[in-house]
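Engineer: Encoded as structure tokens, here's the structure I'll be asking about.
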Amino acid sequence: MTADTNTSRIPSLTHNRLTPMMSAYKETSVLKAGIKLGVFDELAREEPQDAESLARRLGSDPRGMRILLNALAALELIETDGRQYRLPPGAAELLSRDSDGYAGDMIHVIASDYEWDALKNLDGAVRNGGTVLDEHAETPEYSYWEDFAAFAPHVARPTARVLADALEPWARDRESLDVLDLACGHGIYGYTVAQRFEQAAVWSLDWENVLDVAAKHAGSMGVRERTNFIAGDMFDVSFGGEYDLVLITNVLHHFSDERARELLSRAAAALRPGGKIGIVGFTTSDAPPALDPAPHLFSVLMLVWTSEGEVHSERNYRRMFTDCGLEEPSVHQVENLPFRVLLADRA
């Protein structure tokens, strides 16, 4: 039976739509090379420059540099008159390391070699119903999480501000605010709460190799003296006490519904009376996937990178909260990012 194209809500599939999907990795590779080689940094310091000058300054082959620069120009990431190259508006702000708005290092997270190697095995993961890799996101001390902790703060900060804003009415007048940040990664969520509320102390929990990176962020954010560290597996290690706020950020999608509930129950049991649970991450909704693609594409990464992980729906999170002894969560959107912040009181 053929689909009735007259009633389809998506455009017809054409070569013009299909070919860019097949070749998108080339564009990502060009951008990644430009960032790693320092092309945008150099042009932000002095422009315009020709390929030979850039190659000399960046220690590269002139022909190789010319080919890369023309590819960057083809993607409109730089401009050229055929001989010299300069940055277009916005490029210095986003792609120069000297800029406060620098976002270039997110390429090491969003387009990491770890993810690319995992996605090469997507067909095998589909057949298997989960990862076919020997080393993956659930592997203890997985080195990818060091890169994530080092490079992901750029995208975490606006979400962390939404979290802190949502906590403001509840947290501002509390005498103390003990925060447990499970699978803290970079630690930005807990440390932003500590920056906002001077009475807050944070316990950052993650693998030991990740905590080394988190500690640097705590120092740079001025909250190191109010930060404690717990190394180990969040399903097994002792949490060490009761807390006013437990954060579970960007991690429940690594697990099945059953396993996520297990962790959420552990977190709820660690709350003091009047405490809150905060979750950050992708969620799916009742909308068709084409209208909200990001969480569904992220579920693909979870399929190749974990045993049973996928993005959970908001509806499922509400059931999880209720089943784990928590109130109905409030849901907070993050502008221009596909993340949600869910906050719930202990029932």
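In the structure tokens, chains take the letters A, B, ... in the order shown, each chain's residues start at 1, and ligands count up from 1 in the order shown.
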Would you pick out the contacts of range 140-145 of chain A at 7 Å or less, using only C-alpha atoms, so that residues sharing its chain but fewer than 3 positions from it are not included, and give the list as a list of chain:residue names?
Structural biologist: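 Close residues of range 140-145 of chain A: A:Tyr114, A:Ala137, A:Phe148, A:Ala149, A:Gly185, A:Trp207, A:Asn209, A:Val210.
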Engineer: Neighbours of His253 in chain A within 8 Å (only C-alpha atoms; same-chain residues fewer than 6 positions away dropped), as a list in words?
Structural biologist: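 Listed by chain and then number, they are Ala260, Gly281, Phe282, Ser299, Met302, Gly309, Glu310, Val311 and His312 of chain A.
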Engineer: From a DSSP calculation on the backbone, collect every residue of range 13-207 of chain A in strand (DSSP E or B) and output the set as a list in words.
Structural biologist: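 Here is the list: Gln49, Asp50, Glu79, Thr80, Gln84, Tyr85, Arg86, Leu177, Asp178, Val179, Leu180, Asp181, Leu182, Ala200, Ala201, Val202, Trp203, Ser204, Leu205 and Asp206 of chain A.
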Engineer: Using only C-alpha atoms, which protein or nucleic acid residues come within 12 Å of Phe339 in chain A? Drop anything in the same chain fewer than 6 positions from it, and give the result as an MDAnalysis selection string.
Structural biologist: chainID A and resid 155:160 162:163 249:250 279:284 292 294:295 298 311 314 331:333
Engineer: Provide the CA of Tyr189 in chain A to CA of Leu245 in chain A distance in Å, to one decimal place.
Structural biologist: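 Interatomic distance, CA of Tyr189 in chain A to CA of Leu245 in chain A: 11.6 Å.
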Engineer: Skipping near chain neighbours, those fewer than 2 positions away, what residues fall within 9 Å of Phe239 in chain A using only C-alpha atoms, listed as a VMD selection string?
Structural biologist: chain A and resid 180 203 205 230 234 236 to 237 241 to 242 267 270
Engineer: Would you put the residues from that selection into a file with C-alpha atoms, as a PDB file, in the first residue's frame?
Structural biologist:
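Saved to part26.pdb:
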```pdb
ATOM      1  CA  LEU A 180      24.156  16.399  45.817  1.00  0.00           C
ATOM      2  CA  TRP A 203      28.752  17.257  46.857  1.00  0.00           C
ATOM      3  CA  LEU A 205      29.625  12.605  42.522  1.00  0.00           C
ATOM      4  CA  ILE A 230      32.362  11.563  46.065  1.00  0.00           C
ATOM      5  CA  MET A 234      26.099   6.424  41.680  1.00  0.00           C
ATOM      6  CA  ASP A 236      26.363   1.726  44.566  1.00  0.00           C
ATOM      7  CA  VAL A 237      28.440   4.341  46.395  1.00  0.00           C
ATOM      8  CA  GLY A 241      23.982  11.901  54.178  1.00  0.00           C
ATOM      9  CA  GLU A 242      20.741  13.719  53.476  1.00  0.00           C
ATOM     10  CA  ALA A 267      17.995  10.099  45.067  1.00  0.00           C
ATOM     11  CA  ALA A 270      18.577  10.931  50.190  1.00  0.00           C
TER      12      ALA A 270
END
```
Engineer: Using only C-alpha atoms, which residues sit within 10 Å of Leu72 in chain A once same-chain residues fewer than 6 positions away are excluded, as a list of chain:residue names?
Structural biologist: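 Selected residues are A:Glu27, A:Val30, A:Leu31, A:Ala33, A:Gly34, A:Val39, A:Arg66, A:Ile78, A:Glu79, A:Thr80, A:Tyr85.
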Engineer: Write out the residues from the selection above, keeping N, CA and C atoms, as a PDB file, in the first residue's frame.
Structural biologist:
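Dumped to selection-v1.pdb:
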```pdb
ATOM      1  N   GLU A  27      31.098  18.383   6.119  1.00  0.00           N
ATOM      2  CA  GLU A  27      31.009  19.740   6.657  1.00  0.00           C
ATOM      3  C   GLU A  27      31.488  19.767   8.108  1.00  0.00           C
ATOM      4  N   VAL A  30      35.300  19.565   8.185  1.00  0.00           N
ATOM      5  CA  VAL A  30      35.938  20.829   7.790  1.00  0.00           C
ATOM      6  C   VAL A  30      35.917  21.812   8.956  1.00  0.00           C
ATOM      7  N   LEU A  31      34.757  21.953   9.594  1.00  0.00           N
ATOM      8  CA  LEU A  31      34.659  22.847  10.748  1.00  0.00           C
ATOM      9  C   LEU A  31      35.597  22.410  11.859  1.00  0.00           C
ATOM     10  N   ALA A  33      38.379  20.681  11.688  1.00  0.00           N
ATOM     11  CA  ALA A  33      39.785  20.946  11.339  1.00  0.00           C
ATOM     12  C   ALA A  33      40.114  22.422  11.507  1.00  0.00           C
ATOM     13  N   GLY A  34      39.198  23.301  11.090  1.00  0.00           N
ATOM     14  CA  GLY A  34      39.430  24.733  11.250  1.00  0.00           C
ATOM     15  C   GLY A  34      39.602  25.128  12.700  1.00  0.00           C
ATOM     16  N   VAL A  39      42.490  28.204  12.827  1.00  0.00           N
ATOM     17  CA  VAL A  39      42.239  29.137  11.725  1.00  0.00           C
ATOM     18  C   VAL A  39      41.433  30.338  12.202  1.00  0.00           C
ATOM     19  N   ARG A  66      45.291  26.002   1.885  1.00  0.00           N
ATOM     20  CA  ARG A  66      44.453  26.635   0.856  1.00  0.00           C
ATOM     21  C   ARG A  66      43.187  25.810   0.612  1.00  0.00           C
ATOM     22  N   ILE A  78      34.105  31.344   6.589  1.00  0.00           N
ATOM     23  CA  ILE A  78      35.004  32.464   6.367  1.00  0.00           C
ATOM     24  C   ILE A  78      34.659  33.075   5.013  1.00  0.00           C
ATOM     25  N   GLU A  79      35.235  34.237   4.719  1.00  0.00           N
ATOM     26  CA  GLU A  79      35.016  34.923   3.446  1.00  0.00           C
ATOM     27  C   GLU A  79      36.333  35.017   2.692  1.00  0.00           C
ATOM     28  N   THR A  80      36.253  35.066   1.361  1.00  0.00           N
ATOM     29  CA  THR A  80      37.454  35.211   0.547  1.00  0.00           C
ATOM     30  C   THR A  80      37.150  35.973  -0.730  1.00  0.00           C
ATOM     31  N   TYR A  85      41.638  35.889   3.055  1.00  0.00           N
ATOM     32  CA  TYR A  85      40.539  35.319   3.818  1.00  0.00           C
ATOM     33  C   TYR A  85      40.283  36.162   5.068  1.00  0.00           C
TER      34      TYR A  85
END
```
Engineer: What parts of range 68-233 of chain A does DSSP call helix (DSSP H, G or I)? I'd like the answer as a PDB file with C-alpha atoms, in the first residue's frame.
Structural biologist:
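See selection_30.pdb below for the written result:
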```pdb
ATOM      1  CA  LEU A  68      40.826  23.856   3.871  1.00  0.00           C
ATOM      2  CA  LEU A  69      40.268  27.615   3.661  1.00  0.00           C
ATOM      3  CA  ASN A  70      38.336  27.300   0.422  1.00  0.00           C
ATOM      4  CA  ALA A  71      36.204  24.562   1.954  1.00  0.00           C
ATOM      5  CA  LEU A  72      35.519  26.813   4.966  1.00  0.00           C
ATOM      6  CA  ALA A  73      34.603  29.595   2.535  1.00  0.00           C
ATOM      7  CA  ALA A  74      32.282  27.215   0.676  1.00  0.00           C
ATOM      8  CA  ALA A  91      32.528  34.063  13.559  1.00  0.00           C
ATOM      9  CA  ALA A  92      35.040  35.715  15.890  1.00  0.00           C
ATOM     10  CA  GLU A  93      32.533  35.710  18.748  1.00  0.00           C
ATOM     11  CA  LEU A  94      31.682  32.017  18.409  1.00  0.00           C
ATOM     12  CA  LEU A  95      34.880  30.476  17.026  1.00  0.00           C
ATOM     13  CA  GLY A 104      34.186  25.982  19.247  1.00  0.00           C
ATOM     14  CA  ASP A 105      35.258  23.394  21.809  1.00  0.00           C
ATOM     15  CA  MET A 106      31.739  21.935  21.779  1.00  0.00           C
ATOM     16  CA  ILE A 107      32.895  20.242  18.558  1.00  0.00           C
ATOM     17  CA  HIS A 108      34.803  17.823  20.834  1.00  0.00           C
ATOM     18  CA  VAL A 109      31.488  16.815  22.444  1.00  0.00           C
ATOM     19  CA  ILE A 110      28.866  17.135  19.711  1.00  0.00           C
ATOM     20  CA  ASP A 113      35.464  10.750  17.720  1.00  0.00           C
ATOM     21  CA  TYR A 114      33.905   8.618  20.478  1.00  0.00           C
ATOM     22  CA  GLU A 115      30.385   9.308  19.207  1.00  0.00           C
ATOM     23  CA  TRP A 116      31.355   8.900  15.563  1.00  0.00           C
ATOM     24  CA  ASP A 117      32.998   5.540  16.219  1.00  0.00           C
ATOM     25  CA  ALA A 118      29.898   4.400  18.116  1.00  0.00           C
ATOM     26  CA  LEU A 119      27.505   5.542  15.394  1.00  0.00           C
ATOM     27  CA  LEU A 122      24.255   1.818  14.439  1.00  0.00           C
ATOM     28  CA  ASP A 123      22.946  -1.020  12.265  1.00  0.00           C
ATOM     29  CA  GLY A 124      24.482  -3.554  14.635  1.00  0.00           C
ATOM     30  CA  ALA A 125      22.992  -1.768  17.662  1.00  0.00           C
ATOM     31  CA  VAL A 126      19.558  -1.807  16.015  1.00  0.00           C
ATOM     32  CA  ARG A 127      19.818  -5.576  15.483  1.00  0.00           C
ATOM     33  CA  ASN A 128      21.120  -6.081  19.020  1.00  0.00           C
ATOM     34  CA  TYR A 144      35.037  10.415  26.913  1.00  0.00           C
ATOM     35  CA  TRP A 145      33.549  11.852  30.096  1.00  0.00           C
ATOM     36  CA  GLU A 146      36.764  13.767  30.715  1.00  0.00           C
ATOM     37  CA  ASP A 147      36.260  15.546  27.366  1.00  0.00           C
ATOM     38  CA  PHE A 148      32.589  16.095  28.176  1.00  0.00           C
ATOM     39  CA  ALA A 149      33.484  17.633  31.541  1.00  0.00           C
ATOM     40  CA  ALA A 150      36.139  19.841  29.945  1.00  0.00           C
ATOM     41  CA  PHE A 151      34.241  21.103  26.899  1.00  0.00           C
ATOM     42  CA  PRO A 153      30.174  23.902  30.090  1.00  0.00           C
ATOM     43  CA  HIS A 154      29.385  26.296  27.228  1.00  0.00           C
ATOM     44  CA  VAL A 155      26.041  24.624  26.536  1.00  0.00           C
ATOM     45  CA  ALA A 156      25.412  23.789  30.215  1.00  0.00           C
ATOM     46  CA  ARG A 157      25.568  27.351  31.541  1.00  0.00           C
ATOM     47  CA  PRO A 158      22.265  28.656  30.120  1.00  0.00           C
ATOM     48  CA  THR A 159      20.479  25.514  31.339  1.00  0.00           C
ATOM     49  CA  ALA A 160      22.094  25.898  34.768  1.00  0.00           C
ATOM     50  CA  ARG A 161      20.786  29.472  34.949  1.00  0.00           C
ATOM     51  CA  VAL A 162      17.257  28.227  34.209  1.00  0.00           C
ATOM     52  CA  LEU A 163      17.688  25.702  37.041  1.00  0.00           C
ATOM     53  CA  ALA A 164      18.905  28.359  39.485  1.00  0.00           C
ATOM     54  CA  ASP A 165      16.095  30.742  38.486  1.00  0.00           C
ATOM     55  CA  ALA A 166      13.493  28.032  39.066  1.00  0.00           C
ATOM     56  CA  LEU A 167      14.976  27.285  42.501  1.00  0.00           C
ATOM     57  CA  GLU A 168      15.114  30.949  43.560  1.00  0.00           C
ATOM     58  CA  PRO A 169      11.771  31.257  45.438  1.00  0.00           C
ATOM     59  CA  TRP A 170      12.419  28.036  47.349  1.00  0.00           C
ATOM     60  CA  ALA A 171      16.161  28.390  48.006  1.00  0.00           C
ATOM     61  CA  ILE A 188      28.298  23.395  36.230  1.00  0.00           C
ATOM     62  CA  TYR A 189      24.753  22.759  37.488  1.00  0.00           C
ATOM     63  CA  GLY A 190      25.712  22.343  41.130  1.00  0.00           C
ATOM     64  CA  TYR A 191      28.317  25.092  41.029  1.00  0.00           C
ATOM     65  CA  THR A 192      25.869  27.563  39.460  1.00  0.00           C
ATOM     66  CA  VAL A 193      23.464  26.875  42.333  1.00  0.00           C
ATOM     67  CA  ALA A 194      26.344  27.480  44.764  1.00  0.00           C
ATOM     68  CA  GLN A 195      27.225  30.739  43.012  1.00  0.00           C
ATOM     69  CA  ARG A 196      23.628  31.944  43.226  1.00  0.00           C
ATOM     70  CA  GLU A 208      37.403   9.878  39.876  1.00  0.00           C
ATOM     71  CA  ASN A 209      38.906  10.797  36.490  1.00  0.00           C
ATOM     72  CA  VAL A 210      35.953  13.126  35.827  1.00  0.00           C
ATOM     73  CA  LEU A 211      36.086  14.750  39.267  1.00  0.00           C
ATOM     74  CA  ASP A 212      39.598  16.022  38.517  1.00  0.00           C
ATOM     75  CA  VAL A 213      38.082  18.151  35.729  1.00  0.00           C
ATOM     76  CA  ALA A 214      35.041  19.177  37.797  1.00  0.00           C
ATOM     77  CA  ALA A 215      37.306  20.442  40.573  1.00  0.00           C
ATOM     78  CA  LYS A 216      38.912  22.890  38.153  1.00  0.00           C
ATOM     79  CA  HIS A 217      35.493  24.282  37.232  1.00  0.00           C
ATOM     80  CA  ALA A 218      34.595  24.626  40.908  1.00  0.00           C
ATOM     81  CA  GLY A 219      37.782  26.643  41.376  1.00  0.00           C
ATOM     82  CA  SER A 220      37.217  28.885  38.365  1.00  0.00           C
ATOM     83  CA  ARG A 224      35.805  25.240  45.485  1.00  0.00           C
ATOM     84  CA  GLU A 225      35.791  25.798  49.257  1.00  0.00           C
ATOM     85  CA  ARG A 226      32.106  24.807  49.356  1.00  0.00           C
TER      86      ARG A 226
END
```
Engineer: Identify, on the basis of only C-alpha atoms, every residue whose closest approach to Arg83 in chain A does not exceed 10 Å; exclude the query and any residue fewer than 4 positions from it along the same chain; express the result as a PyMOL selection string.
Structural biologist: chain A and resi 48-52+66+70
Engineer: Export C-alpha atoms of the chosen residues as a compact mmCIF listing (two decimals), in the first residue's frame?
Structural biologist:
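Saved as part29.txt:
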```
# COMPACT_ATOMS: atom_id res chain seq x y z
CA PRO A 48 42.72 39.49 5.97
CA GLN A 49 45.44 36.90 5.41
CA ASP A 50 46.34 34.67 2.48
CA ALA A 51 46.75 30.91 2.64
CA GLU A 52 50.54 31.06 2.68
CA ARG A 66 44.45 26.63 0.86
CA ASN A 70 38.34 27.30 0.42
```
Engineer: Can you tell me which residues surround Glu258 in chain A at a distance of at most 10 Å, considering only C-alpha atoms, apart from same-chain residues fewer than 6 positions away, and format the answer as a PyMOL selection string?
Structural biologist: chain A and resi 264+308+320
Engineer: Would you tabulate, counting only C-alpha atoms, all residues of range 206-308 of chain A that have an atom at most 10 Å from an atom of range 321-329 of chain A, showing the closest pair of atoms and their distance in Å to one decimal, sorted by chain then ascending number, as a tab-separated table?
Structural biologist:
```
residue	atom	partner	partner_atom	distance
A:Arg261	CA	A:Cys324	CA	7.1
A:Glu262	CA	A:Cys324	CA	8.6
A:Leu263	CA	A:Cys324	CA	9.7
A:Leu264	CA	A:Cys324	CA	6.8
A:Ser265	CA	A:Cys324	CA	5.2
A:Arg266	CA	A:Cys324	CA	8.8
A:Ala267	CA	A:Cys324	CA	9.2
A:Ala268	CA	A:Cys324	CA	6.8
A:Ala269	CA	A:Gly325	CA	8.7
A:Gly275	CA	A:Leu326	CA	9.9
A:Lys276	CA	A:Leu326	CA	8.6
A:Ile277	CA	A:Leu326	CA	8.3
A:Gly278	CA	A:Pro329	CA	9.0
A:Ile279	CA	A:Pro329	CA	9.6
```
Engineer: Keeping only C-alpha atoms, write the selected residues as a JSON list (two decimals), in the first residue's frame.
Structural biologist:
```
[["chain", "number", "residue", "atom", "x", "y", "z"],
["A", 261, "ARG", "CA", 13.54, 4.57, 38.53],
["A", 262, "GLU", "CA", 16.11, 2.76, 40.65],
["A", 263, "LEU", "CA", 18.42, 5.77, 40.58],
["A", 264, "LEU", "CA", 15.58, 8.23, 41.11],
["A", 265, "SER", "CA", 14.43, 6.22, 44.14],
["A", 266, "ARG", "CA", 17.95, 6.34, 45.59],
["A", 267, "ALA", "CA", 18.00, 10.10, 45.07],
["A", 268, "ALA", "CA", 14.57, 10.59, 46.64],
["A", 269, "ALA", "CA", 15.63, 8.56, 49.69],
["A", 275, "GLY", "CA", 13.81, 18.75, 49.76],
["A", 276, "LYS", "CA", 13.73, 18.79, 45.98],
["A", 277, "ILE", "CA", 14.90, 16.65, 43.07],
["A", 278, "GLY", "CA", 16.15, 18.41, 39.93],
["A", 279, "ILE", "CA", 16.51, 16.64, 36.58]]
```
Engineer: One decimal, Å: what's the distance from CA of Asp81 in chain A over to CA of Met65 in chain A, could you say?
Structural biologist: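 Separating CA of Asp81 in chain A from CA of Met65 in chain A is a distance of 15.8 Å.
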Engineer: Of the candidates A:Val341, A:Glu335, A:Pro62, A:Val300, which one gets nearest to Thr131 in chain A if we count only C-alpha atoms?
Structural biologist: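 Ranked by minimum distance to Thr131 in chain A, first place goes to A:Val300.
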Engineer: What is the distance between CA of Gln199 in chain A and CA of Leu177 in chain A, in Å to one decimal?
Structural biologist: 5.9 Å
